[in-house]
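Undergrad: Below is the file protein_34.txt, with compact mmCIF, C-alpha atoms.
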# COMPACT_ATOMS: atom_id res chain seq x y z
CA MET A 1497 -34.38 7.34 -11.71
CA PRO A 1498 -32.42 4.15 -12.29
CA GLY A 1499 -28.86 4.24 -11.01
CA SER A 1500 -29.21 7.52 -9.11
CA ALA A 1501 -29.45 6.02 -5.63
CA ILE A 1502 -27.26 2.94 -5.97
CA GLY A 1503 -24.00 2.85 -7.93
CA LYS A 1504 -23.63 0.67 -10.99
CA THR A 1505 -20.28 -0.81 -9.96
CA LEU A 1506 -19.07 -2.12 -6.65
CA ASN A 1507 -15.84 -1.03 -5.05
CA TYR A 1508 -13.33 -3.81 -4.35
CA GLY A 1509 -12.53 -2.35 -0.96
CA TYR A 1510 -10.56 0.46 0.56
CA ALA A 1511 -6.80 0.84 0.44
CA GLY A 1512 -5.23 -1.47 2.99
CA ASN A 1513 -8.08 -3.98 3.19
CA VAL A 1514 -6.87 -7.57 3.13
CA SER A 1515 -8.89 -9.12 0.32
CA ARG A 1516 -8.21 -12.79 0.99
CA SER A 1517 -7.30 -13.70 4.54
CA SER A 1518 -6.86 -17.49 4.33
CA ASP A 1519 -3.17 -17.29 3.39
CA ALA A 1520 -2.31 -13.84 4.77
CA ILE A 1521 0.78 -13.28 6.90
CA ILE A 1522 0.55 -10.01 8.83
CA GLU A 1523 3.17 -8.76 11.29
CA SER A 1524 2.97 -5.86 13.70
CA ARG A 1525 5.80 -3.45 14.49
CA PRO A 1526 5.80 0.22 15.54
CA VAL A 1527 6.21 3.06 13.07
CA ARG A 1528 9.61 4.66 13.70
CA LEU A 1529 9.29 7.53 16.19
CA THR A 1530 11.59 9.83 14.23
CA ASP A 1531 9.51 9.62 11.02
CA THR A 1532 7.86 12.87 10.01
CA THR A 1533 5.12 11.47 7.77
CA PRO A 1534 2.39 9.02 8.72
CA VAL A 1535 1.95 5.70 6.90
CA ASN A 1536 -1.41 5.61 5.12
CA PHE A 1537 -3.42 2.42 4.85
CA GLY A 1538 -2.31 0.58 1.69
CA ASP A 1539 1.14 2.21 1.52
CA PRO A 1540 4.24 0.07 0.94
CA VAL A 1541 6.56 0.03 3.95
CA VAL A 1542 10.20 -0.75 4.67
CA LEU A 1543 11.71 -2.55 7.66
CA ASN A 1544 14.31 -0.47 9.49
CA ALA A 1545 17.38 -1.78 11.33
CA ASP A 1546 15.72 -0.97 14.68
CA ASN A 1547 12.80 -3.36 13.92
CA THR A 1548 10.34 -0.58 13.06
CA TYR A 1549 8.42 0.25 9.90
CA SER A 1550 8.63 3.41 7.77
CA LYS A 1551 6.81 4.56 4.66
CA PHE A 1552 8.51 3.47 1.40
CA GLY A 1553 10.27 6.55 0.03
CA ALA A 1554 12.68 7.92 -2.55
CA THR A 1555 15.74 6.32 -0.90
CA SER A 1556 14.07 2.94 -0.31
CA THR A 1557 15.19 -0.18 -2.15
CA ALA A 1558 13.52 -3.41 -3.13
CA ALA A 1559 15.62 -5.24 -0.52
CA GLN A 1560 14.15 -3.03 2.24
CA PHE A 1561 10.52 -3.67 1.24
CA ALA A 1562 8.68 -5.27 4.15
CA GLY A 1563 5.00 -5.27 3.20
CA ILE A 1564 1.91 -3.12 2.81
CA ALA A 1565 0.18 -1.23 5.63
CA VAL A 1566 -3.06 -2.98 6.56
CA ARG A 1567 -6.25 -1.07 7.31
CA GLU A 1568 -7.24 -1.79 10.88
CA VAL A 1569 -9.88 -0.49 13.22
CA LYS A 1570 -7.88 1.93 15.32
CA GLN A 1571 -8.85 2.43 18.94
CA HIS A 1572 -8.26 5.97 20.19
CA ILE A 1573 -7.24 6.77 23.74
CA VAL A 1574 -7.52 10.51 23.15
CA TYR A 1575 -9.89 12.03 20.61
CA SER A 1576 -8.21 15.23 19.51
CA GLY A 1577 -10.47 15.85 16.54
CA ALA A 1578 -7.69 15.09 14.04
CA GLY A 1579 -9.37 12.96 11.39
CA ALA A 1580 -6.07 11.99 9.76
CA ALA A 1581 -5.14 9.90 12.78
CA SER A 1582 -7.82 7.35 11.90
CA VAL A 1583 -6.72 6.73 8.28
CA ALA A 1584 -2.98 6.44 8.86
CA TYR A 1585 -0.43 5.11 11.29
CA GLN A 1586 1.36 7.94 13.11
CA PRO A 1587 5.00 7.73 14.29
CA GLY A 1588 5.13 5.47 17.34
CA ASP A 1589 1.84 3.68 16.55
CA PRO A 1590 1.86 -0.09 16.30
CA MET A 1591 1.27 -0.94 12.63
CA ASP A 1592 0.24 -4.14 10.88
CA ALA A 1593 1.88 -4.91 7.53
CA LEU A 1594 0.86 -7.63 5.10
CA HIS A 1595 3.86 -9.80 4.22
CA ARG A 1596 2.00 -12.38 2.14
CA GLY A 1597 -1.48 -12.38 0.70
CA SER A 1598 -3.81 -10.14 -1.30
CA ILE A 1599 -4.59 -6.55 -0.40
CA THR A 1600 -6.42 -3.60 -1.94
CA VAL A 1601 -4.16 -0.74 -3.04
CA VAL A 1602 -4.53 2.44 -5.07
CA CYS A 1603 -2.94 2.45 -8.53
CA ASN A 1604 -1.78 6.02 -9.25
CA VAL A 1605 -0.49 5.60 -12.82
CA GLY A 1606 -1.51 3.27 -15.61
CA THR A 1607 -4.38 0.86 -16.00
CA PRO A 1608 -3.90 -2.39 -14.11
CA THR A 1609 -4.58 -5.60 -15.97
CA ALA A 1610 -5.07 -8.96 -14.32
CA GLY A 1611 -1.66 -10.62 -14.12
CA GLY A 1612 0.18 -7.38 -14.96
CA SER A 1613 3.32 -6.23 -13.15
CA VAL A 1614 3.18 -3.90 -10.14
CA TYR A 1615 5.70 -1.05 -9.77
CA ILE A 1616 6.54 1.36 -6.93
CA ARG A 1617 7.63 4.92 -7.78
CA ILE A 1618 10.83 6.14 -6.11
CA ALA A 1619 11.37 9.45 -7.93
CA THR A 1620 9.22 12.28 -9.23
CA ASN A 1621 8.71 12.82 -12.94
CA ALA A 1622 7.22 16.12 -14.14
CA ALA A 1623 5.77 14.34 -17.18
CA ILE A 1624 3.69 12.10 -14.90
CA PRO A 1625 1.99 14.37 -12.34
CA ALA A 1626 -0.14 11.53 -10.92
CA GLY A 1627 3.01 9.64 -9.88
CA VAL A 1628 3.50 9.70 -6.12
CA ILE A 1629 6.76 8.63 -4.47
CA GLY A 1630 5.99 5.35 -2.72
CA GLY A 1631 2.84 4.85 -4.80
CA PHE A 1632 1.85 1.80 -6.82
CA GLU A 1633 1.78 1.95 -10.61
CA ALA A 1634 0.77 -0.36 -13.44
CA ARG A 1635 3.34 0.75 -16.01
CA PRO A 1636 7.09 1.22 -15.85
CA THR A 1637 8.84 4.51 -16.55
CA ALA A 1638 12.50 5.44 -16.73
CA ARG A 1639 12.32 6.64 -13.12
CA ILE A 1640 11.02 3.38 -11.68
CA PRO A 1641 14.04 1.10 -11.57
CA PHE A 1642 12.46 -2.06 -10.26
CA ARG A 1643 9.34 -4.12 -10.55
CA PHE A 1644 7.64 -4.78 -7.25
CA GLN A 1645 8.58 -8.21 -5.92
CA THR A 1646 6.89 -10.16 -3.18
CA LEU A 1647 8.93 -11.23 -0.16
CA ASN A 1648 9.48 -14.69 -1.64
CA GLY A 1649 11.03 -13.14 -4.77
CA LYS A 1650 8.10 -13.72 -7.12
CA PRO A 1651 6.77 -10.72 -9.08
CA ALA A 1652 3.68 -9.09 -7.58
CA ARG A 1653 0.69 -9.11 -9.91
CA TRP A 1654 -2.49 -7.11 -10.23
CA MET A 1655 -5.37 -9.47 -9.52
CA ARG A 1656 -8.34 -7.47 -10.69
CA THR A 1657 -9.26 -3.86 -11.32
CA ARG A 1658 -12.35 -1.99 -10.20
CA SER A 1659 -13.62 -1.77 -13.78
CA GLN A 1660 -13.39 -5.52 -14.39
CA LYS A 1661 -16.53 -7.52 -13.68
Once more with this new file: its structure as structure tokens, please.
TA:
Amino acid sequence: MPGSAIGKTLNYGYAGNVSRSSDAIIESRPVRLTDTTPVNFGDPVVLNADNTYSKFGATSTAAQFAGIAVREVKQHIVYSGAGAASVAYQPGDPMDALHRGSITVVCNVGTPTAGGSVYIRIATNAAIPAGVIGGFEARPTARIPFRFQTLNGKPARWMRTRSQK
């Protein structure tokens, strides 16, 4: 039974994993207390005026982009049985965000190619049901007004896809 016990391809990591740490710059700030949605590992985040992070959303702009939520081992003080608390940062939690470096993210639309542009969706489009507001994409559409830029102004690029060897 070849291939039935061990997969044929390896995963490049989970969303939010820093893939190369030698040049990574990661900063910690709390998630804004008034936010109603948690920030999942690997989500783009914005920096608020009160020095907190929030999930990148429909009203966010490229100038507000602050980084990508890093997957961390979260220590629980109270175990309430809520599994979602361990895969996302809840409002008020301290959160690490990658400002510079390489990180694993989920591409919701398109097929990433090495060196290709990275986009963030800011509006829904009924013709593209896989598009998620605040999600990363590999192809532009009329409803994605900007290409994802790094903090130093250079365009972000896909490094490698899961299917590439």
Undergrad: Tell me, as a list in words, which residues lie within 9 Å of A:Ala1584, counting only C-alpha atoms; anything in the same chain fewer than 4 positions away does not count.
TA: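 What passes the distance filter is Pro1534, Val1535, Asn1536, Phe1537, Ala1565, Arg1567 and Ala1580 of chain A.
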Undergrad: Tell me which residues come within 12 Å of (-1.9, -15.4, -0.3), as JSON, numbers by chain, counting all atoms listed in the file in the file's coordinates.
TA: {"A": [1514, 1515, 1516, 1517, 1518, 1519, 1520, 1521, 1522, 1594, 1595, 1596, 1597, 1598, 1599, 1646, 1647, 1648, 1652, 1653, 1655]}
Undergrad: So how many Å separate atom CA of A:Leu1529 and atom CA of A:Phe1552, to one decimal?
TA: 15.4 Å
Undergrad: With distances taken over all atoms listed in the file, which of A:Leu1543, A:Val1527, A:Ala1610, A:Val1605 is nearest to A:Ala1626?
TA: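 Between A:Leu1543, A:Val1527, A:Ala1610, A:Val1605, the residue approaching A:Ala1626 most closely is A:Val1605.
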Undergrad: With only C-alpha atoms as the atoms that count, which of A:Val1542, A:Cys1603, A:Met1591, A:Ala1619 lies nearest to A:Ala1558?
TA: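 The shortest atom-to-atom distance to A:Ala1558 comes from A:Val1542.
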Undergrad: What does the distance between atom CA of A:Gly1606 and atom CA of A:Glu1633 come to in Å, to one decimal place?
TA: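 Value for the atom CA of A:Gly1606-atom CA of A:Glu1633 distance: 6.1 Å.
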Undergrad: What is the atom CA of A:Val1541-atom CA of A:Gly1612 distance in Å, reported with one decimal?
TA: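 Computing the Euclidean distance for atom CA of A:Val1541 and atom CA of A:Gly1612 yields 21.3 Å.
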Undergrad: Could you tell me which of A:Gln1560, A:Glu1523, A:Ile1616, A:Asp1589 comes closest to A:Ala1545 if we count only C-alpha atoms?
TA: A:Gln1560
Undergrad: Tell me which protein, DNA and RNA residues are within 12 Å of A:Lys1551, counting only C-alpha atoms, leaving out same-chain ones fewer than 2 positions away, and put them as a PyMOL selection string.
TA: chain A and resi 1526-1528+1530-1544+1548-1549+1553-1557+1560-1565+1584-1587+1591+1593+1618+1629-1631
Undergrad: Given the choices A:Val1566, A:Gly1627, A:Thr1607, A:Arg1635, which gets closest to A:Ala1511 if the distance is worked out from all atoms listed in the file?
TA: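 Counting all atoms listed in the file, the residue closest to A:Ala1511 is A:Val1566.
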Undergrad: Pick the closest to A:Val1569 from A:Val1583, A:Ala1622, A:Ala1634, A:Val1602: which is it, counting all atoms listed in the file?
TA: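 Using all atoms listed in the file, A:Val1569 sits closest to A:Val1583.
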